[in-house]
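Student: Quick one: the structure is below, questions incoming.
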Amino acid sequence: MFTTAILVKVIIIVSVFAITLVVAMYSTYAERKIAAFFQDRLGPNRAGPYGILQPVADGVKMFMKEEIIPDVSNKFLFIFGPSLAMLTACMTSAVIPWGRGITIGGNFYIMQAADVNIGILYIFGVVSIGVYGIMIGGWASNNKYSLLGALRASSQMISYEIAMGLAIISLIMMSGTLSVRDIAEQQQGFHWNVLYQPLGFLIFLICAFAETNRAPFDLPECETELVGGYHTEYSSMKLGFYLFAEYINMFISSAVISTLYFGGYNMPLIGRFVHDPNWLSMIGTCFLFGKIFFFIFFFMWVRWTLPRFRYDQLMNLGWKVLIPLSILNIFLTGIVMWLNGKLG
Amino acid sequence: MVQYTFYFLSFLAILSALMVVVSKNPVHSVLYLIITFFAIAGHYVLMNAQFLAAVHIIVYAGAIMVLFLYVIMMLNLNADVEPHKSKWLKFAATITGGLLMIVLIGALRNVSENAAAGLPGNDIGLVKNLGRVLFNDYALPFEVSSILFLSAMVGAVMLGKKEIK
């Protein structure tokens with residue numbers, strides 16, 4: 001019993017990691033194909049049928065490239081920076097519930113690496129640590145352009161973290177729990193949180209774009225103004241780590257958005273057609289991935305549609321629009337809860 | 001298991017705290033301080049205070065230390081920029097620090113070893129219980145501390161404000 005439980009956990013963790021990496025890998029392919037579609041081009045189509053092997057070719061290219069470590073830089077921190085970026089990108093997946101759970105041989109196993117009762121705080125902790133990957137990398141490069149790029153990227157991330165946290169507070173007020181699984185469970189049927197928290201969802205979505213450094217907030221690597229941002233000095237797979245971490249972050253934020261606001265693994269009406277709980281939870285997982293893929297597409301859609309912000313516009317939006325709006329949202333949520341008699 | 005984790009975390013915390021003081025490069029000091037905070041957060045988890053651990057990481061490691069790192073990176077402090085301190089000053093500092101340690105040891109000598117073991121229940125650190133205690137029994141100190149934050153914010157705004165001519 002005990003060993004099977006551990007075995008199931010190991011299988012879940014390993015498969016979550018594998019799925020995360022594969023999804024991130026093919027997000028790069030999808031991004032290029034979608035960009036091509038938006039710009040009336042063909043996109044990658046040489047490696048394999050429809051260019052399906054393009055990410056593999058890119059990965060091989062990244063590994064084979066010459067690796068340059070600047071002579072004056074702090075070698076350990078120079079390598080530690082991208083590793084930390086990758087680590088924090090992968091760590092968030094631990095608290096995301098991928099499905100309700102399956103029963104094998106009379107034992108119920110939840111499809112989640114760890115159901116901690118402070119799941120949301122865990123996500124925020126990991127996100128706030130994510131800044132260090134960029135800052136350490138930018139500083140260890142010993143290049144003023146890298147340092148300026150790192151400061152730029154991290155000040156953006158810190159600013160939007162605040163609004164993100166405040167947007168989540170109103171969601172927590174409503175659901176009364178910090179466990180991600182409980183929040184997902186509460187959204188059965190059509191009680192998706194996005195219907196109760198539209199403003200909070202909007203703020204969270206915008207902040208998620210800023211946190212993942214995606215367009216229109218991709219100022220850290222804004223090629224019209226900068227040499228290359230915080231990763232100017234990086235080459236080979238260490239640069240690949242930074243770029244890849246962005247795609248992992250995109251996948252994880254899509255998962256978090258779908259879980260917190262779009263019902264997670266719940267899908268309305270599906271319970272009428274499927275009755276076996278194992279199959280139901282499997283189908284729920286598929287629906288969760290459907291939602292995640294939609295949001296990944298949405299990230300790309302926005303990237304190839306909207307122009308980039310200017311830096312002062314970015315800061316104004318973060319501090320003068322999103323933070324007051326999210327505080328207003330907390331206030332409104334409180335009033336509505338009070339009117340409905342939900343405040344004890 | 002818990003005991004070994006405790007020893008490991010304590011070792012890590014003390015070692016990295018020492019490295020904060022010893023290391024020449026201020027950025028390294030900050031990074032060691034972050035490791036110290038993580039080790040202390042691990043101690044919180046061992047004491048079943050998961051909420052405190054998470055908040056500790058978010059606030060200290062995630063926010064305050066990032067600002068520390070910011071300032072130190074912007075100042076670009078190097079070993080040769082550092083003002084030279086005389087040998088006597090170092091000597092005096094060591095003795096003062098040692099005296100402080102003696103006072104601390106003297107103060108903590110009589111504390112019962114089992115004080116930490118007598119925590120009431122395993123779920124004391126959960127958000128629900130913590131919030132209940134915080135907003136019922138300690139509502140006034142909580143609000144007073146929020147006024148402290150407010151005054152700090154006002155002070156920062158005043159300092160950052162452009163001069164009105």
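All residue names refer to the structure tokens as shown: chains lettered A, B, ... in order, residues numbered from 1 in each chain, ligands numbered from 1 in order.
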What's the 9 Å shell around region 35-39 of chain B, counting only C-alpha atoms, without same-chain residues fewer than 2 positions away, as a ChimeraX atom specification?

Tutor: /B:8-17,20,30-33,41-44,53,56-57,60-61

Student: Would you output that residue set with N, CA, C and O atoms, as a short mmCIF file (atom, residue, chain, number, x, y, z; two decimals), in the first residue's frame?

Tutor:
data_model
loop_
_atom_site.label_atom_id
_atom_site.label_comp_id
_atom_site.auth_asym_id
_atom_site.auth_seq_id
_atom_site.Cartn_x
_atom_site.Cartn_y
_atom_site.Cartn_z
N PHE B 8 20.20 19.38 9.69
CA PHE B 8 20.67 19.84 8.37
C PHE B 8 20.31 21.30 8.15
O PHE B 8 21.16 22.11 7.77
N LEU B 9 19.04 21.65 8.44
CA LEU B 9 18.60 23.03 8.22
C LEU B 9 19.35 24.00 9.12
O LEU B 9 19.76 25.08 8.69
N SER B 10 19.56 23.59 10.38
CA SER B 10 20.28 24.47 11.30
C SER B 10 21.70 24.69 10.82
O SER B 10 22.20 25.82 10.81
N PHE B 11 22.33 23.59 10.39
CA PHE B 11 23.70 23.69 9.87
C PHE B 11 23.74 24.66 8.70
O PHE B 11 24.58 25.56 8.63
N LEU B 12 22.77 24.46 7.78
CA LEU B 12 22.72 25.31 6.58
C LEU B 12 22.51 26.76 6.97
O LEU B 12 23.20 27.67 6.46
N ALA B 13 21.59 26.99 7.91
CA ALA B 13 21.27 28.37 8.30
C ALA B 13 22.49 29.04 8.92
O ALA B 13 22.84 30.17 8.56
N ILE B 14 23.16 28.32 9.84
CA ILE B 14 24.30 28.94 10.53
C ILE B 14 25.45 29.16 9.57
O ILE B 14 26.08 30.22 9.54
N LEU B 15 25.69 28.14 8.72
CA LEU B 15 26.80 28.26 7.78
C LEU B 15 26.58 29.44 6.84
O LEU B 15 27.47 30.29 6.66
N SER B 16 25.37 29.52 6.26
CA SER B 16 25.17 30.60 5.29
C SER B 16 25.09 31.95 5.99
O SER B 16 25.50 32.97 5.42
N ALA B 17 24.63 31.97 7.25
CA ALA B 17 24.63 33.23 7.99
C ALA B 17 26.05 33.70 8.23
O ALA B 17 26.35 34.89 8.13
N VAL B 20 27.37 35.16 5.09
CA VAL B 20 26.88 36.51 4.84
C VAL B 20 27.89 37.51 5.38
O VAL B 20 28.24 38.50 4.73
N VAL B 30 24.32 38.80 -0.03
CA VAL B 30 22.86 38.81 -0.18
C VAL B 30 22.37 37.42 -0.56
O VAL B 30 21.37 36.93 -0.02
N LEU B 31 23.09 36.76 -1.47
CA LEU B 31 22.64 35.44 -1.90
C LEU B 31 22.71 34.45 -0.74
O LEU B 31 21.80 33.61 -0.57
N TYR B 32 23.77 34.56 0.10
CA TYR B 32 23.82 33.68 1.27
C TYR B 32 22.69 33.98 2.24
O TYR B 32 22.12 33.08 2.85
N LEU B 33 22.35 35.26 2.34
CA LEU B 33 21.25 35.62 3.23
C LEU B 33 19.94 34.98 2.75
O LEU B 33 19.12 34.53 3.55
N ALA B 41 12.80 29.09 6.70
CA ALA B 41 11.47 28.67 6.24
C ALA B 41 11.29 27.17 6.41
O ALA B 41 10.21 26.69 6.78
N GLY B 42 12.36 26.42 6.16
CA GLY B 42 12.32 24.99 6.39
C GLY B 42 12.03 24.67 7.85
O GLY B 42 11.25 23.77 8.17
N HIS B 43 12.63 25.44 8.77
CA HIS B 43 12.34 25.26 10.19
C HIS B 43 10.87 25.51 10.49
O HIS B 43 10.25 24.78 11.27
N TYR B 44 10.30 26.53 9.85
CA TYR B 44 8.88 26.81 10.06
C TYR B 44 8.03 25.62 9.64
O TYR B 44 7.06 25.26 10.32
N ALA B 53 5.86 29.80 6.75
CA ALA B 53 6.99 29.49 5.87
C ALA B 53 6.78 30.12 4.50
O ALA B 53 7.68 30.77 3.97
N HIS B 56 7.05 33.82 4.68
CA HIS B 56 8.44 34.17 4.90
C HIS B 56 9.20 34.18 3.58
O HIS B 56 9.95 35.13 3.29
N ILE B 57 8.97 33.13 2.77
CA ILE B 57 9.65 33.06 1.47
C ILE B 57 9.19 34.21 0.59
O ILE B 57 10.00 34.91 -0.03
N TYR B 60 10.27 37.84 2.50
CA TYR B 60 11.70 38.11 2.68
C TYR B 60 12.50 37.73 1.45
O TYR B 60 13.16 38.58 0.86
N ALA B 61 12.42 36.44 1.06
CA ALA B 61 13.25 36.01 -0.06
C ALA B 61 12.75 36.61 -1.36
O ALA B 61 13.53 36.99 -2.23
#

Student: Determine, using only C-alpha atoms, which residues of chain A have any atom at most 9 Å from an atom of chain B, and tabulate each with its shortest atom pair and distance in Å to one decimal place, rows ordered by chain and then rising number, as a Markdown table.

Tutor:
| residue | atom | partner | partner_atom | distance |
| --- | --- | --- | --- | --- |
| A:Asn117 | CA | B:Leu126 | CA | 8.0 |
| A:Ile118 | CA | B:Phe51 | CA | 6.7 |
| A:Leu121 | CA | B:Ala54 | CA | 6.1 |
| A:Tyr122 | CA | B:Ala54 | CA | 6.3 |
| A:Phe124 | CA | B:Ile58 | CA | 6.8 |
| A:Gly125 | CA | B:Ile58 | CA | 4.8 |
| A:Val126 | CA | B:Ile58 | CA | 8.1 |
| A:Val127 | CA | B:Gly62 | CA | 8.3 |
| A:Ser128 | CA | B:Gly62 | CA | 4.6 |
| A:Ile129 | CA | B:Gly62 | CA | 5.4 |
| A:Gly130 | CA | B:Gly62 | CA | 8.5 |
| A:Val131 | CA | B:Val66 | CA | 7.8 |
| A:Tyr132 | CA | B:Val66 | CA | 7.5 |
| A:Met135 | CA | B:Leu69 | CA | 8.3 |
| A:Trp139 | CA | B:Met73 | CA | 7.3 |
| A:Leu147 | CA | B:Met73 | CA | 8.0 |
| A:Leu151 | CA | B:Tyr70 | CA | 7.3 |
| A:Ser154 | CA | B:Val66 | CA | 8.6 |
| A:Ile158 | CA | B:Ala63 | CA | 7.7 |
| A:Thr177 | CA | B:Lys128 | CA | 8.8 |
| A:Leu178 | CA | B:Val127 | CA | 8.4 |

Student: If you measure from CA of Ile270 (chain A) to CA of Val95 (chain A), what distance in Å do you get, rounded to one decimal?

Tutor: 24.7 Å

Student: Using only C-alpha atoms for the distances, tell me which of A:Ile69, A:Thr224, A:Ile79, A:Val22 is nearest to Val56 (chain A).

Tutor: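 The shortest atom-to-atom distance to Val56 (chain A) comes from A:Val22.
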
Student: Name all residues at most 10 Å from Phe293 (chain A) (count only C-alpha atoms; drop same-chain ones fewer than 2 positions away) and give them as a PDB file with N, CA, C and O atoms, in the first residue's frame.

Tutor:
ATOM      1  N   VAL A  23       5.413  19.711 -23.832  1.00  0.00           N
ATOM      2  CA  VAL A  23       4.500  20.782 -24.233  1.00  0.00           C
ATOM      3  C   VAL A  23       5.281  22.058 -24.509  1.00  0.00           C
ATOM      4  O   VAL A  23       5.055  22.745 -25.506  1.00  0.00           O
ATOM      5  N   SER A  27       5.546  23.997 -27.880  1.00  0.00           N
ATOM      6  CA  SER A  27       5.046  25.371 -27.925  1.00  0.00           C
ATOM      7  C   SER A  27       5.924  26.220 -28.821  1.00  0.00           C
ATOM      8  O   SER A  27       5.424  27.111 -29.512  1.00  0.00           O
ATOM      9  N   PHE A 251       3.242  27.585 -20.213  1.00  0.00           N
ATOM     10  CA  PHE A 251       2.409  26.395 -19.993  1.00  0.00           C
ATOM     11  C   PHE A 251       1.858  26.383 -18.576  1.00  0.00           C
ATOM     12  O   PHE A 251       0.661  26.168 -18.363  1.00  0.00           O
ATOM     13  N   SER A 254      -0.767  29.022 -18.038  1.00  0.00           N
ATOM     14  CA  SER A 254      -2.024  28.598 -18.651  1.00  0.00           C
ATOM     15  C   SER A 254      -2.729  27.587 -17.747  1.00  0.00           C
ATOM     16  O   SER A 254      -3.957  27.653 -17.572  1.00  0.00           O
ATOM     17  N   ALA A 255      -1.954  26.680 -17.172  1.00  0.00           N
ATOM     18  CA  ALA A 255      -2.550  25.680 -16.279  1.00  0.00           C
ATOM     19  C   ALA A 255      -3.152  26.358 -15.052  1.00  0.00           C
ATOM     20  O   ALA A 255      -4.252  26.018 -14.619  1.00  0.00           O
ATOM     21  N   SER A 258      -6.350  28.220 -16.064  1.00  0.00           N
ATOM     22  CA  SER A 258      -7.466  27.291 -16.303  1.00  0.00           C
ATOM     23  C   SER A 258      -7.975  26.715 -14.999  1.00  0.00           C
ATOM     24  O   SER A 258      -9.175  26.520 -14.827  1.00  0.00           O
ATOM     25  N   PHE A 287      -9.858  17.553 -20.675  1.00  0.00           N
ATOM     26  CA  PHE A 287     -10.461  18.880 -20.782  1.00  0.00           C
ATOM     27  C   PHE A 287      -9.525  19.942 -20.228  1.00  0.00           C
ATOM     28  O   PHE A 287      -9.404  21.028 -20.797  1.00  0.00           O
ATOM     29  N   LEU A 288      -8.867  19.620 -19.114  1.00  0.00           N
ATOM     30  CA  LEU A 288      -7.921  20.577 -18.538  1.00  0.00           C
ATOM     31  C   LEU A 288      -6.845  20.910 -19.558  1.00  0.00           C
ATOM     32  O   LEU A 288      -6.514  22.075 -19.774  1.00  0.00           O
ATOM     33  N   PHE A 289      -6.333  19.852 -20.230  1.00  0.00           N
ATOM     34  CA  PHE A 289      -5.289  20.118 -21.219  1.00  0.00           C
ATOM     35  C   PHE A 289      -5.835  20.890 -22.402  1.00  0.00           C
ATOM     36  O   PHE A 289      -5.142  21.737 -22.971  1.00  0.00           O
ATOM     37  N   GLY A 290      -7.100  20.628 -22.757  1.00  0.00           N
ATOM     38  CA  GLY A 290      -7.721  21.428 -23.812  1.00  0.00           C
ATOM     39  C   GLY A 290      -7.728  22.901 -23.444  1.00  0.00           C
ATOM     40  O   GLY A 290      -7.346  23.763 -24.247  1.00  0.00           O
ATOM     41  N   LYS A 291      -8.122  23.201 -22.210  1.00  0.00           N
ATOM     42  CA  LYS A 291      -8.145  24.594 -21.754  1.00  0.00           C
ATOM     43  C   LYS A 291      -6.745  25.182 -21.755  1.00  0.00           C
ATOM     44  O   LYS A 291      -6.521  26.327 -22.158  1.00  0.00           O
ATOM     45  N   PHE A 295      -5.226  28.412 -23.854  1.00  0.00           N
ATOM     46  CA  PHE A 295      -4.568  29.599 -23.307  1.00  0.00           C
ATOM     47  C   PHE A 295      -3.179  29.790 -23.883  1.00  0.00           C
ATOM     48  O   PHE A 295      -2.741  30.922 -24.079  1.00  0.00           O
ATOM     49  N   ILE A 296      -2.491  28.664 -24.168  1.00  0.00           N
ATOM     50  CA  ILE A 296      -1.184  28.819 -24.816  1.00  0.00           C
ATOM     51  C   ILE A 296      -1.379  29.471 -26.172  1.00  0.00           C
ATOM     52  O   ILE A 296      -0.652  30.403 -26.552  1.00  0.00           O
ATOM     53  N   PHE A 297      -2.411  29.036 -26.895  1.00  0.00           N
ATOM     54  CA  PHE A 297      -2.705  29.650 -28.177  1.00  0.00           C
ATOM     55  C   PHE A 297      -3.033  31.126 -27.995  1.00  0.00           C
ATOM     56  O   PHE A 297      -2.599  31.985 -28.770  1.00  0.00           O
ATOM     57  N   PHE A 298      -3.761  31.434 -26.923  1.00  0.00           N
ATOM     58  CA  PHE A 298      -4.147  32.811 -26.653  1.00  0.00           C
ATOM     59  C   PHE A 298      -2.906  33.680 -26.421  1.00  0.00           C
ATOM     60  O   PHE A 298      -2.820  34.804 -26.930  1.00  0.00           O
ATOM     61  N   PHE A 299      -1.954  33.127 -25.652  1.00  0.00           N
ATOM     62  CA  PHE A 299      -0.694  33.842 -25.426  1.00  0.00           C
ATOM     63  C   PHE A 299      -0.042  34.206 -26.764  1.00  0.00           C
ATOM     64  O   PHE A 299       0.444  35.319 -26.953  1.00  0.00           O
TER      65      PHE A 299
END

Student: Could you go through region 101-280 of chain A and tell me which residues DSSP, when run on the backbone, assigns to strand (DSSP E), listing them as a PyMOL selection string?

Tutor: chain A and resi 101-104+107-111

Student: Could you write out that same residue set with C-alpha atoms as a JSON list (two decimals), in the first residue's frame?

Tutor:
[["chain", "number", "residue", "atom", "x", "y", "z"],
["A", 101, "GLY", "CA", -7.99, 11.15, -9.20],
["A", 102, "ILE", "CA", -8.16, 7.52, -10.15],
["A", 103, "THR", "CA", -9.00, 4.41, -8.17],
["A", 104, "ILE", "CA", -6.60, 1.52, -8.66],
["A", 107, "ASN", "CA", -7.13, 2.85, -3.42],
["A", 108, "PHE", "CA", -7.79, 6.40, -4.50],
["A", 109, "TYR", "CA", -4.85, 8.32, -5.92],
["A", 110, "ILE", "CA", -5.12, 12.03, -6.62],
["A", 111, "MET", "CA", -3.56, 13.25, -9.82]]

Student: Could you give me the residues within region 4-84 of chain A that DSSP places in helix (DSSP H, G or I), as an MDAnalysis selection string?

Tutor: chainID A and resid 4:38 49:51 54:64 75:84

Student: If I take CA of Gln313 (chain A) and CA of Ile64 (chain B), how far is one from the other in Å, to one decimal?

Tutor: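 About the pair CA of Gln313 (chain A) and CA of Ile64 (chain B): they are 24.9 Å apart.
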
Student: Please, what distance in Å, to one decimal, runs between CA of Leu243 (chain A) and CA of Phe262 (chain A)?

Tutor: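 Pair CA of Leu243 (chain A) / CA of Phe262 (chain A) returns 27.4 Å.
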